[in-house]
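Here the structure comes first, spelled out in structure tokens, and everything after it is commentary.
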Amino acid sequence: MHIVMIANDTNFAWNLRREVLEQFVSMGHSVVLVAHILEFKDNFEKIGVKVIDVNNDRHGKNPFFDIKLFLKYKTILKSEKPDIVFTNNIKPNVYAGLACRMLNIKYVVNVTGLGTPVENPGKLQKLTVFLYKLGIAKVSTIFFQNKENREFFVSHEMIPDNAKVVLLPGSGVNVESHPLLPWPEGPVHFLFAARIFKEKGIDYFLSAAEKFASENIIFDVCGPCDDPKYQEILKNNKFVVYHGLQMDLLPFYSKCSCLVNPSYYPEGMNNVILEAAACGRPVITSDRAGCREVAEDGVTGFVVPIKDGQAVIDAVGKFLAMTADEHKKMGLAGRAKIEKEFDRQFVVKYYLEEIA
């Protein structure tokens, strides 16, 4: 078969869809990735995946740009003539989906999160829902990463009658490249790792750092500042250590004692939580879709109410009051949950069923 996958960018595809694409290639299929090239182009080509660069301006709201994006997707698909297309992220789902519909190509969409334009009521939500309906009107299968996203599509009558609906364990996590790590010695490290903007809960992490940071309690922050104001805030904050964008988080998982991710952003499934738990690290996270599924309150970490900074501080304090053995027990419980429910091979299996 000739298979095309479309995503926002090559970083997303390499980190979260590599195993799927590798499996397609190993089965003898020809595979093309359409995405904005950031990193990993050579890596994809080494495993036999052709990459076509398309910048979809993921955060942009310019309708003229989006019309050009739709036409670009349509031109590529008309040229490639794929047997099946797999799309990810909002703009590829909508505009590449619409192109597949018009070209009568079988396609499968993966709803990797609603995003604020879809989740928050208002004119922009109405427009986005309308566009989504157009894009997935002839879809073969819809992959959802959490039940809340699926219920949103159901309640807004967005799912076509003949579409198959599948609930995935997020993007899963590669348990081999994210192994159970030895428990760290020395100071307690709390880690925040995410794209940095308000809805990811960075302010709550900073408040906890201000209360507890010391020579023996370190608060590390990794990630690009999607909101530029945080570049200056983090640079001048004496309670945290800001490491910027990190392509490899394993060294930070290795030395951290607990991941703190109090996000209230419309997640599909939070991949950093999956990775940290796979490495045997307890997690403090928020009670919202895409986060709560991975954590068990009091077992693998703590689940706090969304948008509750004091609850985050209380959870950090509760963690600090525990013994090292209790920390390790939480980490091992998290690893066991990942192996049982969130191994990426489960996700690969669902993709393979679509080309059987």
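Chain labels A, B, ... are given in the sequence in which chains occur in the structure tokens; within each chain residues are numbered consecutively from 1, and ligands are likewise numbered from 1 in the order shown.
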Write out, as a Markdown table, each residue of region 250-315 of chain A that has an atom at most 10 Å from region 149-170 of chain A, together with the closest pair of atoms and their distance in Å to one decimal, counting only C-alpha atoms, rows going by chain and rising number.
| residue | atom | partner | partner_atom | distance |
| --- | --- | --- | --- | --- |
| A:Pro266 | CA | A:Asn149 | CA | 8.9 |
| A:Glu267 | CA | A:Asn149 | CA | 9.0 |
| A:Gly268 | CA | A:Gly170 | CA | 6.6 |
| A:Met269 | CA | A:Gly170 | CA | 4.8 |
| A:Asn270 | CA | A:Gly170 | CA | 7.7 |
| A:Asn271 | CA | A:Gly170 | CA | 7.8 |
| A:Leu274 | CA | A:Gly170 | CA | 9.0 |
| A:Ala289 | CA | A:Asn149 | CA | 8.0 |
| A:Gly290 | CA | A:Gly170 | CA | 7.8 |
| A:Glu293 | CA | A:Pro169 | CA | 9.0 |
| A:Val294 | CA | A:Pro169 | CA | 9.3 |
Those residues you just picked out, can you put them in a file as a PDB file, in the first residue's frame with C-alpha atoms?
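Output (result.pdb):
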ATOM      1  CA  PRO A 266      -7.408  20.772  26.457  1.00  0.00           C
ATOM      2  CA  GLU A 267      -5.090  17.760  26.219  1.00  0.00           C
ATOM      3  CA  GLY A 268      -5.545  14.628  24.143  1.00  0.00           C
ATOM      4  CA  MET A 269      -3.286  12.592  26.410  1.00  0.00           C
ATOM      5  CA  ASN A 270      -0.369  14.258  28.161  1.00  0.00           C
ATOM      6  CA  ASN A 271       2.748  12.584  26.764  1.00  0.00           C
ATOM      7  CA  LEU A 274       3.194   9.028  30.234  1.00  0.00           C
ATOM      8  CA  ALA A 289      -9.096  14.750  30.602  1.00  0.00           C
ATOM      9  CA  GLY A 290      -5.736  13.763  29.203  1.00  0.00           C
ATOM     10  CA  GLU A 293      -6.262   8.852  33.080  1.00  0.00           C
ATOM     11  CA  VAL A 294      -2.553   8.287  33.650  1.00  0.00           C
TER      12      VAL A 294
END
For this session: Check region 120-269 of chain A with DSSP on the backbone and list each residue it calls strand (DSSP E), as number ranges by chain.
Result: A: 141-144, 164-167, 188-193, 217-222, 241-242, 258-261
Any chance you could export the current selection's N, CA and C atoms as a PDB file, in the first residue's frame?
ATOM      1  N   THR A 141     -12.366   6.154  10.074  1.00  0.00           N
ATOM      2  CA  THR A 141     -12.213   5.879  11.509  1.00  0.00           C
ATOM      3  C   THR A 141     -11.758   7.138  12.219  1.00  0.00           C
ATOM      4  N   ILE A 142     -12.278   7.353  13.422  1.00  0.00           N
ATOM      5  CA  ILE A 142     -11.810   8.445  14.271  1.00  0.00           C
ATOM      6  C   ILE A 142     -11.162   7.838  15.507  1.00  0.00           C
ATOM      7  N   PHE A 143      -9.878   8.169  15.715  1.00  0.00           N
ATOM      8  CA  PHE A 143      -9.183   7.802  16.941  1.00  0.00           C
ATOM      9  C   PHE A 143      -9.347   8.931  17.948  1.00  0.00           C
ATOM     10  N   PHE A 144      -9.822   8.614  19.140  1.00  0.00           N
ATOM     11  CA  PHE A 144      -9.848   9.573  20.237  1.00  0.00           C
ATOM     12  C   PHE A 144      -8.835   9.150  21.289  1.00  0.00           C
ATOM     13  N   LYS A 164     -16.152   4.562  12.145  1.00  0.00           N
ATOM     14  CA  LYS A 164     -15.773   3.732  13.287  1.00  0.00           C
ATOM     15  C   LYS A 164     -15.093   4.624  14.316  1.00  0.00           C
ATOM     16  N   VAL A 165     -15.400   4.414  15.587  1.00  0.00           N
ATOM     17  CA  VAL A 165     -14.820   5.216  16.665  1.00  0.00           C
ATOM     18  C   VAL A 165     -13.964   4.320  17.551  1.00  0.00           C
ATOM     19  N   VAL A 166     -12.722   4.726  17.772  1.00  0.00           N
ATOM     20  CA  VAL A 166     -11.782   3.930  18.571  1.00  0.00           C
ATOM     21  C   VAL A 166     -11.172   4.818  19.646  1.00  0.00           C
ATOM     22  N   LEU A 167     -11.172   4.336  20.885  1.00  0.00           N
ATOM     23  CA  LEU A 167     -10.540   5.057  21.987  1.00  0.00           C
ATOM     24  C   LEU A 167      -9.142   4.489  22.206  1.00  0.00           C
ATOM     25  N   VAL A 188      15.953  16.433  46.326  1.00  0.00           N
ATOM     26  CA  VAL A 188      14.666  16.138  45.697  1.00  0.00           C
ATOM     27  C   VAL A 188      14.480  17.109  44.532  1.00  0.00           C
ATOM     28  N   HIS A 189      14.198  16.572  43.357  1.00  0.00           N
ATOM     29  CA  HIS A 189      13.966  17.410  42.176  1.00  0.00           C
ATOM     30  C   HIS A 189      12.513  17.279  41.736  1.00  0.00           C
ATOM     31  N   PHE A 190      11.825  18.422  41.629  1.00  0.00           N
ATOM     32  CA  PHE A 190      10.503  18.474  41.004  1.00  0.00           C
ATOM     33  C   PHE A 190      10.685  19.007  39.591  1.00  0.00           C
ATOM     34  N   LEU A 191      10.034  18.360  38.633  1.00  0.00           N
ATOM     35  CA  LEU A 191      10.223  18.713  37.226  1.00  0.00           C
ATOM     36  C   LEU A 191       8.917  19.182  36.590  1.00  0.00           C
ATOM     37  N   PHE A 192       8.977  20.317  35.908  1.00  0.00           N
ATOM     38  CA  PHE A 192       7.898  20.773  35.033  1.00  0.00           C
ATOM     39  C   PHE A 192       8.444  20.718  33.617  1.00  0.00           C
ATOM     40  N   ALA A 193       7.799  19.950  32.731  1.00  0.00           N
ATOM     41  CA  ALA A 193       8.265  19.808  31.347  1.00  0.00           C
ATOM     42  C   ALA A 193       7.065  19.927  30.417  1.00  0.00           C
ATOM     43  N   ILE A 217      15.912  20.963  47.726  1.00  0.00           N
ATOM     44  CA  ILE A 217      14.650  20.801  47.001  1.00  0.00           C
ATOM     45  C   ILE A 217      14.720  21.696  45.765  1.00  0.00           C
ATOM     46  N   ILE A 218      14.914  21.080  44.612  1.00  0.00           N
ATOM     47  CA  ILE A 218      15.165  21.803  43.366  1.00  0.00           C
ATOM     48  C   ILE A 218      13.937  21.722  42.461  1.00  0.00           C
ATOM     49  N   PHE A 219      13.612  22.827  41.824  1.00  0.00           N
ATOM     50  CA  PHE A 219      12.490  22.882  40.882  1.00  0.00           C
ATOM     51  C   PHE A 219      13.036  23.175  39.493  1.00  0.00           C
ATOM     52  N   ASP A 220      12.965  22.179  38.604  1.00  0.00           N
ATOM     53  CA  ASP A 220      13.488  22.298  37.237  1.00  0.00           C
ATOM     54  C   ASP A 220      12.352  22.547  36.247  1.00  0.00           C
ATOM     55  N   VAL A 221      12.612  23.405  35.272  1.00  0.00           N
ATOM     56  CA  VAL A 221      11.633  23.700  34.220  1.00  0.00           C
ATOM     57  C   VAL A 221      12.278  23.448  32.860  1.00  0.00           C
ATOM     58  N   CYS A 222      11.610  22.636  32.038  1.00  0.00           N
ATOM     59  CA  CYS A 222      12.071  22.375  30.674  1.00  0.00           C
ATOM     60  C   CYS A 222      10.943  22.685  29.694  1.00  0.00           C
ATOM     61  N   VAL A 241      15.150  26.411  38.218  1.00  0.00           N
ATOM     62  CA  VAL A 241      16.249  26.320  37.258  1.00  0.00           C
ATOM     63  C   VAL A 241      15.615  26.075  35.892  1.00  0.00           C
ATOM     64  N   TYR A 242      15.770  27.037  34.994  1.00  0.00           N
ATOM     65  CA  TYR A 242      15.151  26.928  33.673  1.00  0.00           C
ATOM     66  C   TYR A 242      16.170  26.401  32.671  1.00  0.00           C
ATOM     67  N   CYS A 258       9.836  13.732  41.157  1.00  0.00           N
ATOM     68  CA  CYS A 258       8.398  13.858  40.904  1.00  0.00           C
ATOM     69  C   CYS A 258       8.162  14.840  39.767  1.00  0.00           C
ATOM     70  N   LEU A 259       7.323  14.444  38.818  1.00  0.00           N
ATOM     71  CA  LEU A 259       6.887  15.355  37.770  1.00  0.00           C
ATOM     72  C   LEU A 259       5.665  16.122  38.267  1.00  0.00           C
ATOM     73  N   VAL A 260       5.658  17.434  38.075  1.00  0.00           N
ATOM     74  CA  VAL A 260       4.503  18.256  38.440  1.00  0.00           C
ATOM     75  C   VAL A 260       3.945  18.855  37.159  1.00  0.00           C
ATOM     76  N   ASN A 261       2.724  18.470  36.805  1.00  0.00           N
ATOM     77  CA  ASN A 261       2.124  18.925  35.550  1.00  0.00           C
ATOM     78  C   ASN A 261       0.655  19.275  35.791  1.00  0.00           C
TER      79      ASN A 261
END
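With only C-alpha atoms as the atoms that count, the minimum distance from Thr112 (chain A) to the choices A:Lys72, A:Lys78, A:Lys238, A:Lys91 is reached by A:Lys91.
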For this session: Select, from A:Lys349, A:Arg101, A:Arg17, A:Arg288, the residue with the minimum atom-to-atom distance to Glu148 (chain A), counting only C-alpha atoms.
Result: A:Arg288
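Going from CA of Val94 (chain A) to CA of Leu33 (chain A) covers 16.9 Å.
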For this session: Tell me which protein, DNA and RNA residues are within 10 Å of Leu206 (chain A), counting only C-alpha atoms, leaving out same-chain ones fewer than 5 positions away, and put them as a ChimeraX atom specification.
Result: /A:192,201,211,213,219,221,233-234,237,239-240,309,313
Exercise: Ile37 (chain A) partners within 7 Å, only C-alpha atoms, chain neighbours under 3 positions left out, as an mmCIF file with C-alpha atoms, in the first residue's frame:
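Full text of around.cif as output:
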data_model
loop_
_atom_site.group_PDB
_atom_site.id
_atom_site.type_symbol
_atom_site.label_atom_id
_atom_site.label_comp_id
_atom_site.auth_asym_id
_atom_site.auth_seq_id
_atom_site.Cartn_x
_atom_site.Cartn_y
_atom_site.Cartn_z
ATOM 1 C CA ASP A 9 5.534 18.848 12.399
ATOM 2 C CA THR A 10 8.314 16.271 12.233
ATOM 3 C CA LYS A 41 14.154 14.677 8.629
ATOM 4 C CA ASP A 53 7.601 19.888 4.159
#
Exercise. So which residues touch Asn89 (chain A) within 9 Å, counting only C-alpha atoms, skipping near sequence neighbours fewer than 2 positions away, as a list in words?
Worked result: Ile6, Ala7, Asn8, Arg58, Thr87, Lys91, Pro92, Asn93, Val94, Val109, Asn110, Val111, Thr112, Gly113 and Leu114 of chain A
Problem set entry | Long-range neighbours of Val303 (chain A) as a PyMOL selection string, 6 Å cut-off, only C-alpha atoms, 2 positions minimum in chain | chain A and resi 284-287+297
With only C-alpha atoms as the counted atoms, please give the residues lying no more than 12 Å from Lys68 (chain A), apart from itself and same-chain residues fewer than 4 positions off, as a short mmCIF file (atom, residue, chain, number, x, y, z; two decimals) with C-alpha atoms, in the first residue's frame.
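Output below, filename around-v5.cif:
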data_model
loop_
_atom_site.label_atom_id
_atom_site.label_comp_id
_atom_site.auth_asym_id
_atom_site.auth_seq_id
_atom_site.Cartn_x
_atom_site.Cartn_y
_atom_site.Cartn_z
CA VAL A 54 4.34 21.77 4.80
CA ASN A 55 4.13 24.55 7.39
CA ASN A 56 0.53 24.58 8.65
CA ASP A 57 0.99 27.53 11.04
CA ASN A 62 -5.59 33.64 9.03
CA PRO A 63 -8.37 32.24 6.78
CA PHE A 64 -6.41 32.98 3.59
CA LYS A 72 -1.50 22.47 -0.70
CA TYR A 73 -2.74 19.30 1.02
CA LYS A 74 -5.05 18.60 -1.91
CA THR A 75 -2.24 19.06 -4.46
CA TYR A 95 -8.04 20.56 5.89
CA ALA A 96 -6.32 17.33 4.85
CA ALA A 99 -9.01 17.16 0.71
#
For this session: Check the DSSP output for the backbone and give back, as number ranges by chain, the residues of region 93-296 of chain A in helix (DSSP H, G or I).
Result: A: 93-103, 116-119, 123-135, 147-155, 198-200, 202-212, 229-235, 250-255, 271-278
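In this structure, CA of Pro228 (chain A) sits 27.1 Å away from CA of Val304 (chain A).
What separates CA of Tyr265 (chain A) from CA of Gly135 (chain A) is a distance of 23.4 Å.
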Problem set entry | Shortest interatomic distance to Gln310 (chain A) - which of A:Thr128, A:Gln231, A:Asn236, A:Ser207, counting only C-alpha atoms | A:Ser207
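Of the residues listed (A:Ile202, A:Ile196, A:Leu250, A:Ile136), A:Ile202 shows the shortest atom-to-atom separation from Asp308 (chain A); distances use only C-alpha atoms.
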Problem set entry | A:Leu245, A:Val139, A:Leu332, A:Leu134 ranked by distance to Pro182 (chain A), top pick (using only C-alpha atoms) | A:Leu332
